[in-house]
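> My structure file model-v6.cif, mmCIF, N, CA and C atoms, is below:
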```cif
data_work
loop_
_atom_site.label_atom_id
_atom_site.label_comp_id
_atom_site.auth_asym_id
_atom_site.auth_seq_id
_atom_site.Cartn_x
_atom_site.Cartn_y
_atom_site.Cartn_z
N MET A 1 -37.50 -4.05 26.36
CA MET A 1 -36.43 -4.91 25.90
C MET A 1 -35.17 -4.11 25.56
N LYS A 2 -35.35 -2.92 24.94
CA LYS A 2 -34.22 -2.11 24.52
C LYS A 2 -33.34 -1.71 25.70
N ASN A 3 -33.95 -1.47 26.86
CA ASN A 3 -33.21 -1.06 28.05
C ASN A 3 -32.47 -2.22 28.70
N ALA A 4 -32.78 -3.44 28.32
CA ALA A 4 -32.15 -4.62 28.91
C ALA A 4 -30.95 -5.10 28.11
N LEU A 5 -30.58 -4.39 27.03
CA LEU A 5 -29.46 -4.83 26.21
C LEU A 5 -28.15 -4.71 26.96
N ASN A 6 -27.29 -5.72 26.77
CA ASN A 6 -25.93 -5.68 27.30
C ASN A 6 -25.04 -6.49 26.35
N VAL A 7 -23.74 -6.47 26.60
CA VAL A 7 -22.79 -7.13 25.70
C VAL A 7 -23.06 -8.63 25.61
N LYS A 8 -23.57 -9.22 26.66
CA LYS A 8 -23.82 -10.67 26.66
C LYS A 8 -25.06 -11.06 25.84
N ASN A 9 -26.06 -10.18 25.75
CA ASN A 9 -27.29 -10.58 25.07
C ASN A 9 -27.58 -9.85 23.76
N VAL A 10 -26.86 -8.78 23.46
CA VAL A 10 -27.20 -7.96 22.30
C VAL A 10 -27.10 -8.73 20.99
N CYS A 11 -26.14 -9.64 20.89
CA CYS A 11 -26.00 -10.40 19.63
C CYS A 11 -27.18 -11.33 19.40
N SER A 12 -27.61 -12.03 20.43
CA SER A 12 -28.75 -12.94 20.26
C SER A 12 -30.04 -12.15 20.01
N VAL A 13 -30.21 -11.03 20.69
CA VAL A 13 -31.40 -10.19 20.45
C VAL A 13 -31.34 -9.63 19.03
N PHE A 14 -30.17 -9.16 18.62
CA PHE A 14 -30.01 -8.63 17.26
C PHE A 14 -30.30 -9.70 16.22
N GLU A 15 -29.73 -10.89 16.39
CA GLU A 15 -29.94 -11.97 15.42
C GLU A 15 -31.43 -12.27 15.26
N ALA A 16 -32.15 -12.35 16.38
CA ALA A 16 -33.59 -12.62 16.32
C ALA A 16 -34.34 -11.47 15.64
N SER A 17 -34.05 -10.24 16.03
CA SER A 17 -34.77 -9.10 15.46
C SER A 17 -34.44 -8.92 13.98
N PHE A 18 -33.20 -9.18 13.61
CA PHE A 18 -32.77 -9.10 12.21
C PHE A 18 -33.46 -10.19 11.38
N SER A 19 -33.51 -11.39 11.92
CA SER A 19 -34.12 -12.53 11.21
C SER A 19 -35.63 -12.38 11.05
N TYR A 20 -36.27 -11.83 12.08
CA TYR A 20 -37.73 -11.72 12.06
C TYR A 20 -38.24 -10.37 11.57
N GLY A 21 -37.33 -9.51 11.13
CA GLY A 21 -37.73 -8.24 10.55
C GLY A 21 -38.39 -7.30 11.54
N LEU A 22 -37.74 -7.09 12.69
CA LEU A 22 -38.24 -6.15 13.70
C LEU A 22 -37.34 -4.91 13.68
N PRO A 23 -37.66 -3.94 12.83
CA PRO A 23 -36.74 -2.83 12.60
C PRO A 23 -36.43 -1.98 13.82
N ASP A 24 -37.39 -1.71 14.69
CA ASP A 24 -37.11 -0.87 15.86
C ASP A 24 -36.11 -1.55 16.80
N LEU A 25 -36.32 -2.84 17.05
CA LEU A 25 -35.42 -3.57 17.93
C LEU A 25 -34.06 -3.78 17.27
N THR A 26 -34.06 -4.04 15.97
CA THR A 26 -32.80 -4.18 15.23
C THR A 26 -31.99 -2.90 15.33
N ASP A 27 -32.64 -1.76 15.13
CA ASP A 27 -31.97 -0.47 15.20
C ASP A 27 -31.42 -0.20 16.60
N ALA A 28 -32.19 -0.54 17.63
CA ALA A 28 -31.73 -0.35 19.00
C ALA A 28 -30.49 -1.21 19.27
N CYS A 29 -30.51 -2.43 18.78
CA CYS A 29 -29.35 -3.31 18.95
C CYS A 29 -28.12 -2.75 18.23
N LEU A 30 -28.31 -2.29 17.01
CA LEU A 30 -27.19 -1.74 16.25
C LEU A 30 -26.61 -0.50 16.91
N LYS A 31 -27.46 0.34 17.43
CA LYS A 31 -26.96 1.54 18.13
C LYS A 31 -26.19 1.15 19.39
N TYR A 32 -26.67 0.16 20.10
CA TYR A 32 -25.94 -0.33 21.28
C TYR A 32 -24.58 -0.89 20.85
N MET A 33 -24.59 -1.67 19.77
CA MET A 33 -23.34 -2.25 19.27
C MET A 33 -22.36 -1.17 18.83
N ASP A 34 -22.87 -0.12 18.19
CA ASP A 34 -22.01 0.99 17.78
C ASP A 34 -21.27 1.58 18.97
N ARG A 35 -21.98 1.79 20.05
CA ARG A 35 -21.39 2.43 21.23
C ARG A 35 -20.48 1.51 22.03
N HIS A 36 -20.67 0.21 21.90
CA HIS A 36 -19.89 -0.76 22.67
C HIS A 36 -19.06 -1.67 21.77
N ALA A 37 -18.69 -1.14 20.62
CA ALA A 37 -18.02 -1.95 19.60
C ALA A 37 -16.72 -2.57 20.08
N LYS A 38 -15.91 -1.82 20.77
CA LYS A 38 -14.59 -2.34 21.21
C LYS A 38 -14.76 -3.61 22.04
N THR A 39 -15.67 -3.57 22.99
CA THR A 39 -15.92 -4.74 23.85
C THR A 39 -16.60 -5.84 23.05
N LEU A 40 -17.58 -5.47 22.26
CA LEU A 40 -18.37 -6.45 21.51
C LEU A 40 -17.52 -7.21 20.50
N LEU A 41 -16.65 -6.50 19.78
CA LEU A 41 -15.84 -7.15 18.76
C LEU A 41 -14.82 -8.12 19.35
N HIS A 42 -14.57 -8.03 20.63
CA HIS A 42 -13.66 -8.96 21.29
C HIS A 42 -14.41 -10.01 22.12
N SER A 43 -15.71 -10.08 21.94
CA SER A 43 -16.51 -11.04 22.71
C SER A 43 -16.74 -12.31 21.89
N ARG A 44 -17.02 -13.39 22.56
CA ARG A 44 -17.34 -14.66 21.89
C ARG A 44 -18.74 -14.61 21.29
N GLU A 45 -19.60 -13.77 21.85
CA GLU A 45 -20.99 -13.71 21.41
C GLU A 45 -21.11 -13.30 19.94
N ILE A 46 -20.25 -12.41 19.49
CA ILE A 46 -20.35 -11.94 18.11
C ILE A 46 -20.05 -13.04 17.11
N LEU A 47 -19.30 -14.05 17.53
CA LEU A 47 -18.96 -15.16 16.65
C LEU A 47 -20.15 -16.08 16.41
N ARG A 48 -21.23 -15.91 17.17
CA ARG A 48 -22.43 -16.74 17.03
C ARG A 48 -23.44 -16.17 16.03
N LEU A 49 -23.20 -14.94 15.58
CA LEU A 49 -24.09 -14.35 14.57
C LEU A 49 -23.97 -15.09 13.24
N THR A 50 -25.00 -15.05 12.44
CA THR A 50 -24.89 -15.55 11.07
C THR A 50 -23.99 -14.59 10.30
N ALA A 51 -23.48 -15.04 9.17
CA ALA A 51 -22.62 -14.19 8.35
C ALA A 51 -23.37 -12.92 7.91
N ALA A 52 -24.62 -13.08 7.52
CA ALA A 52 -25.40 -11.91 7.06
C ALA A 52 -25.61 -10.90 8.19
N ALA A 53 -25.89 -11.40 9.39
CA ALA A 53 -26.10 -10.51 10.53
C ALA A 53 -24.79 -9.81 10.91
N LEU A 54 -23.69 -10.55 10.90
CA LEU A 54 -22.39 -9.95 11.22
C LEU A 54 -22.05 -8.86 10.20
N ARG A 55 -22.28 -9.12 8.95
CA ARG A 55 -22.00 -8.12 7.92
C ARG A 55 -22.82 -6.85 8.18
N GLU A 56 -24.07 -7.03 8.55
CA GLU A 56 -24.94 -5.88 8.84
C GLU A 56 -24.35 -5.02 9.97
N VAL A 57 -23.77 -5.65 10.95
CA VAL A 57 -23.14 -4.93 12.07
C VAL A 57 -21.89 -4.20 11.58
N LEU A 58 -21.07 -4.88 10.80
CA LEU A 58 -19.75 -4.36 10.45
C LEU A 58 -19.74 -3.29 9.38
N VAL A 59 -20.74 -3.23 8.52
CA VAL A 59 -20.70 -2.26 7.41
C VAL A 59 -21.07 -0.84 7.82
N ARG A 60 -21.56 -0.67 9.00
CA ARG A 60 -22.08 0.63 9.42
C ARG A 60 -20.98 1.66 9.65
N ASP A 61 -21.20 2.87 9.15
CA ASP A 61 -20.27 3.98 9.40
C ASP A 61 -20.20 4.31 10.89
N SER A 62 -21.27 4.06 11.59
CA SER A 62 -21.36 4.46 13.00
C SER A 62 -20.70 3.49 13.96
N LEU A 63 -20.20 2.36 13.47
CA LEU A 63 -19.52 1.40 14.34
C LEU A 63 -18.19 1.99 14.79
N CYS A 64 -18.05 2.23 16.07
CA CYS A 64 -16.84 2.84 16.62
C CYS A 64 -15.78 1.77 16.86
N ALA A 65 -15.04 1.46 15.79
CA ALA A 65 -14.03 0.41 15.88
C ALA A 65 -12.92 0.70 14.89
N SER A 66 -11.74 0.24 15.22
CA SER A 66 -10.64 0.35 14.26
C SER A 66 -10.84 -0.68 13.17
N GLU A 67 -10.30 -0.42 12.02
CA GLU A 67 -10.48 -1.34 10.91
C GLU A 67 -9.78 -2.67 11.16
N ILE A 68 -8.68 -2.65 11.90
CA ILE A 68 -8.01 -3.91 12.21
C ILE A 68 -8.87 -4.77 13.14
N ASP A 69 -9.63 -4.14 14.01
CA ASP A 69 -10.57 -4.90 14.86
C ASP A 69 -11.68 -5.51 14.01
N VAL A 70 -12.14 -4.78 13.01
CA VAL A 70 -13.16 -5.31 12.10
C VAL A 70 -12.59 -6.51 11.34
N PHE A 71 -11.40 -6.36 10.82
CA PHE A 71 -10.76 -7.48 10.13
C PHE A 71 -10.59 -8.68 11.07
N ASP A 72 -10.12 -8.43 12.27
CA ASP A 72 -9.90 -9.52 13.22
C ASP A 72 -11.18 -10.28 13.52
N VAL A 73 -12.30 -9.57 13.62
CA VAL A 73 -13.56 -10.25 13.91
C VAL A 73 -13.99 -11.09 12.71
N VAL A 74 -13.76 -10.60 11.51
CA VAL A 74 -14.07 -11.39 10.31
C VAL A 74 -13.21 -12.65 10.30
N ARG A 75 -11.91 -12.50 10.54
CA ARG A 75 -11.00 -13.65 10.56
C ARG A 75 -11.42 -14.66 11.62
N GLU A 76 -11.70 -14.17 12.83
CA GLU A 76 -12.11 -15.06 13.92
C GLU A 76 -13.44 -15.75 13.62
N TRP A 77 -14.38 -15.01 13.02
CA TRP A 77 -15.68 -15.59 12.70
C TRP A 77 -15.51 -16.74 11.71
N VAL A 78 -14.72 -16.52 10.67
CA VAL A 78 -14.49 -17.55 9.65
C VAL A 78 -13.86 -18.79 10.28
N LEU A 79 -12.87 -18.59 11.14
CA LEU A 79 -12.23 -19.73 11.82
C LEU A 79 -13.18 -20.43 12.77
N HIS A 80 -13.89 -19.66 13.58
CA HIS A 80 -14.80 -20.23 14.58
C HIS A 80 -15.93 -21.02 13.94
N ASN A 81 -16.45 -20.49 12.83
CA ASN A 81 -17.59 -21.13 12.16
C ASN A 81 -17.17 -22.06 11.02
N ASN A 82 -15.86 -22.14 10.78
CA ASN A 82 -15.33 -23.00 9.73
C ASN A 82 -16.11 -22.79 8.42
N ASP A 83 -16.21 -21.52 8.03
CA ASP A 83 -17.06 -21.16 6.88
C ASP A 83 -16.33 -20.23 5.93
N ARG A 84 -15.45 -20.77 5.12
CA ARG A 84 -14.73 -19.95 4.15
C ARG A 84 -15.64 -19.44 3.05
N ASP A 85 -16.80 -20.06 2.88
CA ASP A 85 -17.76 -19.59 1.86
C ASP A 85 -18.28 -18.19 2.19
N ALA A 86 -18.20 -17.80 3.46
CA ALA A 86 -18.69 -16.49 3.88
C ALA A 86 -17.65 -15.38 3.68
N VAL A 87 -16.44 -15.74 3.30
CA VAL A 87 -15.38 -14.73 3.16
C VAL A 87 -15.76 -13.61 2.19
N PRO A 88 -16.29 -13.90 0.99
CA PRO A 88 -16.65 -12.78 0.10
C PRO A 88 -17.67 -11.83 0.72
N LEU A 89 -18.66 -12.37 1.40
CA LEU A 89 -19.68 -11.53 2.04
C LEU A 89 -19.07 -10.68 3.15
N LEU A 90 -18.31 -11.31 4.02
CA LEU A 90 -17.76 -10.61 5.18
C LEU A 90 -16.59 -9.70 4.82
N SER A 91 -15.79 -10.08 3.84
CA SER A 91 -14.65 -9.23 3.49
C SER A 91 -15.12 -7.91 2.89
N GLY A 92 -16.34 -7.89 2.36
CA GLY A 92 -16.91 -6.65 1.86
C GLY A 92 -17.21 -5.64 2.95
N ALA A 93 -17.20 -6.08 4.20
CA ALA A 93 -17.45 -5.18 5.32
C ALA A 93 -16.17 -4.51 5.82
N VAL A 94 -15.03 -5.01 5.39
CA VAL A 94 -13.74 -4.44 5.82
C VAL A 94 -13.35 -3.34 4.86
N ARG A 95 -12.99 -2.22 5.41
CA ARG A 95 -12.52 -1.09 4.59
C ARG A 95 -11.01 -1.22 4.48
N TRP A 96 -10.61 -2.00 3.50
CA TRP A 96 -9.21 -2.40 3.35
C TRP A 96 -8.27 -1.21 3.27
N SER A 97 -8.70 -0.14 2.64
CA SER A 97 -7.84 1.03 2.47
C SER A 97 -7.53 1.73 3.79
N LEU A 98 -8.28 1.41 4.84
CA LEU A 98 -8.03 2.02 6.15
C LEU A 98 -7.02 1.24 6.98
N LEU A 99 -6.65 0.05 6.53
CA LEU A 99 -5.65 -0.73 7.25
C LEU A 99 -4.26 -0.20 6.92
N SER A 100 -3.38 -0.31 7.88
CA SER A 100 -2.00 0.14 7.64
C SER A 100 -1.31 -0.84 6.69
N HIS A 101 -0.25 -0.35 6.06
CA HIS A 101 0.54 -1.22 5.18
C HIS A 101 1.03 -2.44 5.97
N GLU A 102 1.48 -2.19 7.19
CA GLU A 102 2.00 -3.26 8.04
C GLU A 102 0.93 -4.32 8.32
N ASP A 103 -0.29 -3.88 8.66
CA ASP A 103 -1.36 -4.84 8.93
C ASP A 103 -1.73 -5.63 7.67
N LEU A 104 -1.75 -4.96 6.52
CA LEU A 104 -2.05 -5.66 5.28
C LEU A 104 -1.00 -6.73 4.97
N VAL A 105 0.25 -6.36 5.11
CA VAL A 105 1.34 -7.29 4.77
C VAL A 105 1.46 -8.41 5.80
N ASN A 106 1.34 -8.08 7.07
CA ASN A 106 1.57 -9.08 8.10
C ASN A 106 0.31 -9.84 8.51
N ARG A 107 -0.70 -9.14 8.94
CA ARG A 107 -1.88 -9.82 9.49
C ARG A 107 -2.83 -10.33 8.42
N VAL A 108 -3.15 -9.50 7.46
CA VAL A 108 -4.11 -9.91 6.43
C VAL A 108 -3.49 -11.01 5.56
N ARG A 109 -2.27 -10.80 5.13
CA ARG A 109 -1.62 -11.79 4.27
C ARG A 109 -1.50 -13.14 4.97
N SER A 110 -1.11 -13.15 6.23
CA SER A 110 -0.95 -14.42 6.96
C SER A 110 -2.27 -15.11 7.25
N SER A 111 -3.38 -14.37 7.18
CA SER A 111 -4.69 -14.98 7.44
C SER A 111 -5.18 -15.84 6.28
N ASN A 112 -4.66 -15.58 5.09
CA ASN A 112 -5.10 -16.27 3.87
C ASN A 112 -6.56 -16.04 3.53
N LEU A 113 -7.15 -14.96 4.04
CA LEU A 113 -8.53 -14.64 3.69
C LEU A 113 -8.63 -13.97 2.33
N LEU A 114 -7.60 -13.23 1.97
CA LEU A 114 -7.57 -12.55 0.67
C LEU A 114 -6.40 -13.09 -0.14
N PRO A 115 -6.59 -13.25 -1.44
CA PRO A 115 -5.45 -13.62 -2.29
C PRO A 115 -4.39 -12.52 -2.27
N SER A 116 -3.14 -12.92 -2.42
CA SER A 116 -2.03 -11.96 -2.40
C SER A 116 -2.20 -10.86 -3.45
N ASP A 117 -2.75 -11.21 -4.60
CA ASP A 117 -2.96 -10.19 -5.64
C ASP A 117 -3.94 -9.11 -5.17
N ASP A 118 -4.96 -9.50 -4.41
CA ASP A 118 -5.91 -8.51 -3.87
C ASP A 118 -5.22 -7.59 -2.88
N ILE A 119 -4.35 -8.15 -2.06
CA ILE A 119 -3.61 -7.33 -1.09
C ILE A 119 -2.70 -6.35 -1.82
N LEU A 120 -2.03 -6.81 -2.88
CA LEU A 120 -1.19 -5.92 -3.67
C LEU A 120 -2.01 -4.81 -4.32
N ASP A 121 -3.21 -5.13 -4.80
CA ASP A 121 -4.09 -4.12 -5.38
C ASP A 121 -4.48 -3.07 -4.34
N ILE A 122 -4.77 -3.51 -3.12
CA ILE A 122 -5.12 -2.57 -2.04
C ILE A 122 -3.93 -1.67 -1.74
N LEU A 123 -2.75 -2.25 -1.65
CA LEU A 123 -1.55 -1.46 -1.38
C LEU A 123 -1.28 -0.45 -2.50
N ALA A 124 -1.48 -0.88 -3.74
CA ALA A 124 -1.27 0.03 -4.88
C ALA A 124 -2.27 1.18 -4.84
N THR A 125 -3.52 0.88 -4.51
CA THR A 125 -4.54 1.93 -4.39
C THR A 125 -4.18 2.91 -3.29
N LYS A 126 -3.72 2.38 -2.15
CA LYS A 126 -3.32 3.26 -1.03
C LYS A 126 -2.18 4.16 -1.45
N MET A 127 -1.21 3.63 -2.18
CA MET A 127 -0.07 4.44 -2.61
C MET A 127 -0.51 5.50 -3.63
N ARG A 128 -1.40 5.11 -4.53
CA ARG A 128 -1.86 6.01 -5.59
C ARG A 128 -2.73 7.14 -5.03
N GLU A 129 -3.61 6.80 -4.10
CA GLU A 129 -4.58 7.78 -3.61
C GLU A 129 -4.14 8.48 -2.35
N GLY A 130 -3.19 7.92 -1.64
CA GLY A 130 -2.61 8.57 -0.47
C GLY A 130 -3.61 9.17 0.49
N ASN A 131 -3.50 10.46 0.74
CA ASN A 131 -4.35 11.16 1.70
C ASN A 131 -5.80 11.29 1.26
N ALA A 132 -6.08 11.00 0.01
CA ALA A 132 -7.47 11.10 -0.46
C ALA A 132 -8.37 10.10 0.27
N LEU A 133 -7.77 9.05 0.83
CA LEU A 133 -8.55 8.05 1.56
C LEU A 133 -8.72 8.40 3.04
N SER A 134 -8.07 9.44 3.49
CA SER A 134 -8.08 9.75 4.92
C SER A 134 -9.45 10.16 5.44
N HIS A 135 -10.38 10.55 4.56
CA HIS A 135 -11.72 10.93 5.00
C HIS A 135 -12.60 9.72 5.30
N LEU A 136 -12.17 8.55 4.89
CA LEU A 136 -12.94 7.33 5.12
C LEU A 136 -12.63 6.80 6.52
N HIS A 137 -13.62 6.80 7.36
CA HIS A 137 -13.41 6.27 8.71
C HIS A 137 -14.72 5.87 9.32
N ARG A 138 -14.64 5.22 10.43
CA ARG A 138 -15.82 4.76 11.15
C ARG A 138 -16.05 5.64 12.37
N GLY A 139 -17.20 5.41 13.00
CA GLY A 139 -17.50 6.08 14.25
C GLY A 139 -18.31 7.35 14.08
N LEU A 140 -19.05 7.44 12.99
CA LEU A 140 -19.91 8.61 12.73
C LEU A 140 -21.31 8.31 13.21
N PHE A 141 -21.65 8.70 14.43
CA PHE A 141 -22.93 8.33 15.02
C PHE A 141 -24.13 8.85 14.24
N GLY A 142 -24.03 9.98 13.63
CA GLY A 142 -25.18 10.52 12.91
C GLY A 142 -25.29 10.03 11.49
N ALA A 143 -24.35 9.18 11.04
CA ALA A 143 -24.27 8.80 9.63
C ALA A 143 -25.32 7.79 9.22
N VAL A 144 -25.88 7.04 10.14
CA VAL A 144 -26.79 5.98 9.74
C VAL A 144 -28.22 6.31 10.05
#
```
Could you rewrite the structure in this file as structure tokens?


Amino acid sequence: MKNALNVKNVCSVFEASFSYGLPDLTDACLKYMDRHAKTLLHSREILRLTAAALREVLVRDSLCASEIDVFDVVREWVLHNNDRDAVPLLSGAVRWSLLSHEDLVNRVRSSNLLPSDDILDILATKMREGNALSHLHRGLFGAV
């Protein structure tokens, strides 16, 4: 089964393995997703995952994706599934400090997923900590 994974089926296989507690298959799916994150995060298939399964995919250090792509998938998932109740769970998967000031002010603010005060707090933290946050990034294959 692991050798048959592709962008079209990995989400449904992952959802089933995650739901039924099949750790080897879940891990294989996550590793595939890590390597194909750019394509996967822009696919319609990822929008079919449950909120918990999507969070599991997005929180990983090894996911090779830009933080704005992670945010975009959270925003699209919430819109597609019409589930604002999932925002607290899914927003915890976004590393807000890795987003540019421009993305925070323009894209995040206009999405209405985060209150403006939260966005201001993120911006203040970025200004205060500056380069200290530069070590936080995704795409570390050996990290998980």

> Please compute the CA of Arg128 in chain A-CA of Glu102 in chain A distance, one decimal, in Å.

16.9 Å

> Pick the closest to Ala65 in chain A from A:Asp103, A:Asp121, A:Asp24, A:Asp34: which is it, counting only C-alpha atoms?

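Comparing A:Asp103, A:Asp121, A:Asp24, A:Asp34 against Ala65 in chain A, the winner is A:Asp34.
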
> Would you kindly translate the PyMOL selection byres (((chain A and resi 33 and name CA) around 12) and name CA) into the concrete residues it picks from this file, as an mmCIF file with N, CA and C atoms, in the coordinates of the input?


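Output (expr-v1.cif):
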```cif
data_model
loop_
_atom_site.group_PDB
_atom_site.id
_atom_site.type_symbol
_atom_site.label_atom_id
_atom_site.label_comp_id
_atom_site.auth_asym_id
_atom_site.auth_seq_id
_atom_site.Cartn_x
_atom_site.Cartn_y
_atom_site.Cartn_z
ATOM 1 N N LEU A 5 -30.580 -4.390 27.030
ATOM 2 C CA LEU A 5 -29.460 -4.830 26.210
ATOM 3 C C LEU A 5 -28.150 -4.710 26.960
ATOM 4 N N ASN A 6 -27.290 -5.720 26.770
ATOM 5 C CA ASN A 6 -25.930 -5.680 27.300
ATOM 6 C C ASN A 6 -25.040 -6.490 26.350
ATOM 7 N N VAL A 7 -23.740 -6.470 26.600
ATOM 8 C CA VAL A 7 -22.790 -7.130 25.700
ATOM 9 C C VAL A 7 -23.060 -8.630 25.610
ATOM 10 N N LYS A 8 -23.570 -9.220 26.660
ATOM 11 C CA LYS A 8 -23.820 -10.670 26.660
ATOM 12 C C LYS A 8 -25.060 -11.060 25.840
ATOM 13 N N ASN A 9 -26.060 -10.180 25.750
ATOM 14 C CA ASN A 9 -27.290 -10.580 25.070
ATOM 15 C C ASN A 9 -27.580 -9.850 23.760
ATOM 16 N N VAL A 10 -26.860 -8.780 23.460
ATOM 17 C CA VAL A 10 -27.200 -7.960 22.300
ATOM 18 C C VAL A 10 -27.100 -8.730 20.990
ATOM 19 N N CYS A 11 -26.140 -9.640 20.890
ATOM 20 C CA CYS A 11 -26.000 -10.400 19.630
ATOM 21 C C CYS A 11 -27.180 -11.330 19.400
ATOM 22 N N VAL A 13 -30.210 -11.030 20.690
ATOM 23 C CA VAL A 13 -31.400 -10.190 20.450
ATOM 24 C C VAL A 13 -31.340 -9.630 19.030
ATOM 25 N N PHE A 14 -30.170 -9.160 18.620
ATOM 26 C CA PHE A 14 -30.010 -8.630 17.260
ATOM 27 C C PHE A 14 -30.300 -9.700 16.220
ATOM 28 N N THR A 26 -34.060 -4.040 15.970
ATOM 29 C CA THR A 26 -32.800 -4.180 15.230
ATOM 30 C C THR A 26 -31.990 -2.900 15.330
ATOM 31 N N ASP A 27 -32.640 -1.760 15.130
ATOM 32 C CA ASP A 27 -31.970 -0.470 15.200
ATOM 33 C C ASP A 27 -31.420 -0.200 16.600
ATOM 34 N N ALA A 28 -32.190 -0.540 17.630
ATOM 35 C CA ALA A 28 -31.730 -0.350 19.000
ATOM 36 C C ALA A 28 -30.490 -1.210 19.270
ATOM 37 N N CYS A 29 -30.510 -2.430 18.780
ATOM 38 C CA CYS A 29 -29.350 -3.310 18.950
ATOM 39 C C CYS A 29 -28.120 -2.750 18.230
ATOM 40 N N LEU A 30 -28.310 -2.290 17.010
ATOM 41 C CA LEU A 30 -27.190 -1.740 16.250
ATOM 42 C C LEU A 30 -26.610 -0.500 16.910
ATOM 43 N N LYS A 31 -27.460 0.340 17.430
ATOM 44 C CA LYS A 31 -26.960 1.540 18.130
ATOM 45 C C LYS A 31 -26.190 1.150 19.390
ATOM 46 N N TYR A 32 -26.670 0.160 20.100
ATOM 47 C CA TYR A 32 -25.940 -0.330 21.280
ATOM 48 C C TYR A 32 -24.580 -0.890 20.850
ATOM 49 N N ASP A 34 -22.870 -0.120 18.190
ATOM 50 C CA ASP A 34 -22.010 0.990 17.780
ATOM 51 C C ASP A 34 -21.270 1.580 18.970
ATOM 52 N N ARG A 35 -21.980 1.790 20.050
ATOM 53 C CA ARG A 35 -21.390 2.430 21.230
ATOM 54 C C ARG A 35 -20.480 1.510 22.030
ATOM 55 N N HIS A 36 -20.670 0.210 21.900
ATOM 56 C CA HIS A 36 -19.890 -0.760 22.670
ATOM 57 C C HIS A 36 -19.060 -1.670 21.770
ATOM 58 N N ALA A 37 -18.690 -1.140 20.620
ATOM 59 C CA ALA A 37 -18.020 -1.950 19.600
ATOM 60 C C ALA A 37 -16.720 -2.570 20.080
ATOM 61 N N LYS A 38 -15.910 -1.820 20.770
ATOM 62 C CA LYS A 38 -14.590 -2.340 21.210
ATOM 63 C C LYS A 38 -14.760 -3.610 22.040
ATOM 64 N N THR A 39 -15.670 -3.570 22.990
ATOM 65 C CA THR A 39 -15.920 -4.740 23.850
ATOM 66 C C THR A 39 -16.600 -5.840 23.050
ATOM 67 N N LEU A 40 -17.580 -5.470 22.260
ATOM 68 C CA LEU A 40 -18.370 -6.450 21.510
ATOM 69 C C LEU A 40 -17.520 -7.210 20.500
ATOM 70 N N LEU A 41 -16.650 -6.500 19.780
ATOM 71 C CA LEU A 41 -15.840 -7.150 18.760
ATOM 72 C C LEU A 41 -14.820 -8.120 19.350
ATOM 73 N N HIS A 42 -14.570 -8.030 20.630
ATOM 74 C CA HIS A 42 -13.660 -8.960 21.290
ATOM 75 C C HIS A 42 -14.410 -10.010 22.120
ATOM 76 N N SER A 43 -15.710 -10.080 21.940
ATOM 77 C CA SER A 43 -16.510 -11.040 22.710
ATOM 78 C C SER A 43 -16.740 -12.310 21.890
ATOM 79 N N GLU A 45 -19.600 -13.770 21.850
ATOM 80 C CA GLU A 45 -20.990 -13.710 21.410
ATOM 81 C C GLU A 45 -21.110 -13.300 19.940
ATOM 82 N N ILE A 46 -20.250 -12.410 19.490
ATOM 83 C CA ILE A 46 -20.350 -11.940 18.110
ATOM 84 C C ILE A 46 -20.050 -13.040 17.110
ATOM 85 N N LEU A 54 -23.690 -10.550 10.900
ATOM 86 C CA LEU A 54 -22.390 -9.950 11.220
ATOM 87 C C LEU A 54 -22.050 -8.860 10.200
ATOM 88 N N GLU A 56 -24.070 -7.030 8.550
ATOM 89 C CA GLU A 56 -24.940 -5.880 8.840
ATOM 90 C C GLU A 56 -24.350 -5.020 9.970
ATOM 91 N N VAL A 57 -23.770 -5.650 10.950
ATOM 92 C CA VAL A 57 -23.140 -4.930 12.070
ATOM 93 C C VAL A 57 -21.890 -4.200 11.580
ATOM 94 N N LEU A 58 -21.070 -4.880 10.800
ATOM 95 C CA LEU A 58 -19.750 -4.360 10.450
ATOM 96 C C LEU A 58 -19.740 -3.290 9.380
ATOM 97 N N ARG A 60 -21.560 -0.670 9.000
ATOM 98 C CA ARG A 60 -22.080 0.630 9.420
ATOM 99 C C ARG A 60 -20.980 1.660 9.650
ATOM 100 N N SER A 62 -21.270 4.060 11.590
ATOM 101 C CA SER A 62 -21.360 4.460 13.000
ATOM 102 C C SER A 62 -20.700 3.490 13.960
ATOM 103 N N LEU A 63 -20.200 2.360 13.470
ATOM 104 C CA LEU A 63 -19.520 1.400 14.340
ATOM 105 C C LEU A 63 -18.190 1.990 14.790
ATOM 106 N N CYS A 64 -18.050 2.230 16.070
ATOM 107 C CA CYS A 64 -16.840 2.840 16.620
ATOM 108 C C CYS A 64 -15.780 1.770 16.860
ATOM 109 N N ALA A 65 -15.040 1.460 15.790
ATOM 110 C CA ALA A 65 -14.030 0.410 15.880
ATOM 111 C C ALA A 65 -12.920 0.700 14.890
ATOM 112 N N GLY A 139 -17.200 5.410 13.000
ATOM 113 C CA GLY A 139 -17.500 6.080 14.250
ATOM 114 C C GLY A 139 -18.310 7.350 14.080
ATOM 115 N N PHE A 141 -21.650 8.700 14.430
ATOM 116 C CA PHE A 141 -22.930 8.330 15.020
ATOM 117 C C PHE A 141 -24.130 8.850 14.240
#
```

> In Å, with one decimal, what is the gap from CA of Ser111 in chain A to atom N of Arg48 in chain A?

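About the pair CA of Ser111 in chain A and atom N of Arg48 in chain A: they are 19.2 Å apart.
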
> Restricting the calculation to only N, CA and C atoms, which member of A:Ala86, A:Ser100, A:Asp69, A:Arg138 is positioned closest to Ala51 in chain A?

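That would be A:Ala86, the residue with the smallest distance to Ala51 in chain A.
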
> What is the distance, in Å and to one decimal place, between CA of Val59 in chain A and CA of Lys126 in chain A?

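Interatomic distance here is 20.1 Å.
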
> Which one is closest to Val74 in chain A: A:Val87, A:Leu25, A:Leu123, A:Ala4? Count only N, CA and C atoms.

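So, comparing all the options, the nearest one is A:Val87.
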
> So which bits of chain A end up alpha helix (DSSP H) when you DSSP the backbone, as number ranges by chain?

A: 10-19, 23-35, 37-40, 51-58, 67-81, 87-91, 101-103, 109-111, 116-129

> With the PyMOL selection byres ((chain A and resi 97) around 7) as the selection, what would be picked from this file? Answer as a PyMOL selection string, please.

chain A and resi 94-96+98-100+122+126+133
